[in-house]
Amino acid sequence: MKPAARETTETPDYLEQPLGRFLDAVASGEPAPGGGAAAAVTVALAAGLCSMAARFSYGKLSGARELADRTESLRREAAALAGEDAAAYGRVLEAYRMPRAEDPEHRRQRIRAALLGAADVPLAVAGTGASVAEAAVRLAESGNPNLAGDAVTAALLAEAGTRAAAELVDLDTENPGGEPDGMRRGRARRLSREASESARRATGSPG
């Protein structure tokens, strides 16, 4: 996530933006979109490649139609999470901007709750990314060979998005005034390992 410049609590719809505008927004001095949104969009791109590869695998891969539907659903989920990440970060900024002197304990609890809530978004991105990476393996191994490069690219993008999201979960749960959230961290790391294993299989790399 970016340093604070201006809070944002509304959920933006990045799907309605031209790609160039989204990239400009990422590079801007505004607090969002940041790392979480970028990870979500990366996973969405990976899911889109899987959907395409699955559609070109009809008649070649058993269950290709269902796989296309599944990865298309994952694409929509990941894209929506990009906007949710921006909204969650806005709530974190609001908590940090509470006056320190009035009720320090209440402020601390608000910050902790906002950070843990923000961690739930990249955790969801990681879950979606691991599922996309798993689908990409199937397409790389058994789908239309003419789309093997797209499936491998999807696996690598899904791995990158998942690993990035897992790191954000770690950062968001390193909160002030509270113990790290082991449950969220543990799940994020497991999903990251699963995505990395899928990418390894898709590329045929040795373990």
# chains A, B, ... in the order shown; residues from 1 in each chain; ligands from 1
>>> residues_around(residues="A:Ala154", least_positions_apart="3", cutoff="10 Å", atoms="only C-alpha atoms", output="ChimeraX atom specification")
/A:42-51,53,129,132-137,139-140,148-151,157-160,199,202
>>> residues_around(residues="A:Ala80", least_positions_apart="2", cutoff="12 Å", atoms="only C-alpha atoms", output="VMD selection string")
chain A and resid 11 to 16 36 to 41 43 to 44 73 to 78 82 to 87 121 to 122 124 to 125 128
>>> write_last_selection(atoms="C-alpha atoms", output="short mmCIF file (atom, residue, chain, number, x, y, z; two decimals), in the first residue's frame")
data_model
loop_
_atom_site.label_atom_id
_atom_site.label_comp_id
_atom_site.auth_asym_id
_atom_site.auth_seq_id
_atom_site.Cartn_x
_atom_site.Cartn_y
_atom_site.Cartn_z
CA THR A 11 -15.12 1.18 -3.37
CA PRO A 12 -13.90 2.22 -6.82
CA ASP A 13 -14.80 0.18 -9.87
CA TYR A 14 -11.51 -0.25 -11.65
CA LEU A 15 -13.18 -2.42 -14.28
CA GLU A 16 -14.86 0.69 -15.65
CA GLY A 36 -3.20 -4.93 -3.01
CA ALA A 37 -5.07 -3.67 -6.05
CA ALA A 38 -2.09 -4.47 -8.28
CA ALA A 39 -1.96 -8.02 -6.92
CA ALA A 40 -5.69 -8.45 -7.47
CA VAL A 41 -5.50 -7.19 -11.06
CA VAL A 43 -4.61 -12.46 -10.53
CA ALA A 44 -7.53 -11.26 -12.65
CA SER A 73 -15.85 -16.36 -12.05
CA LEU A 74 -12.41 -16.13 -10.45
CA ARG A 75 -11.53 -13.29 -12.80
CA ARG A 76 -14.55 -11.30 -11.65
CA GLU A 77 -13.78 -12.03 -8.00
CA ALA A 78 -10.18 -10.85 -8.32
CA ALA A 82 -8.94 -4.51 -6.39
CA GLY A 83 -11.59 -1.96 -5.48
CA GLU A 84 -12.22 -3.51 -2.09
CA ASP A 85 -8.54 -3.14 -1.24
CA ALA A 86 -8.71 0.60 -1.87
CA ALA A 87 -11.78 0.94 0.35
CA VAL A 121 -8.67 -8.43 1.24
CA PRO A 122 -5.21 -9.62 0.18
CA ALA A 124 -8.96 -13.27 -0.41
CA VAL A 125 -6.73 -12.30 -3.35
CA THR A 128 -8.32 -16.63 -5.62
#
>>> select_by_dssp(residues="stretch 8-184 of chain A", states="helix (DSSP H, G or I)", output="ChimeraX atom specification")
/A:14-16,19-27,35-55,64-96,104-142,145-173,182-184
>>> residues_around(residues="A:Gly63", least_positions_apart="6", cutoff="12 Å", atoms="only C-alpha atoms", output="number ranges by chain")
A: 54-55, 57, 69-70, 135, 138-139, 142-143
>>> closest_residue(among="A:Ala68, A:Met183, A:Leu81, A:Leu61", to="A:Leu116", atoms="only C-alpha atoms")
A:Met183
>>> closest_residue(among="A:His106, A:Arg190, A:Arg112, A:Arg201", to="A:Leu93", atoms="only C-alpha atoms")
A:Arg112
>>> atom_distance(atom1="atom CA of A:Lys60", atom2="atom CA of A:Asn144")
6.3 Å
>>> atom_distance(atom1="atom CA of A:Gly186", atom2="atom CA of A:Gly34")
23.1 Å
>>> closest_residue(among="A:Ser28, A:Ser198, A:Gln109, A:Ser192", to="A:Thr153", atoms="only C-alpha atoms")
A:Ser198
>>> residues_around(residues="A:Val92", least_positions_apart="6", cutoff="8 Å", atoms="only C-alpha atoms", output="ChimeraX atom specification")
/A:111,114-115,118
>>> atom_distance(atom1="atom CA of A:Ala195", atom2="atom CA of A:Ala155")
7.8 Å
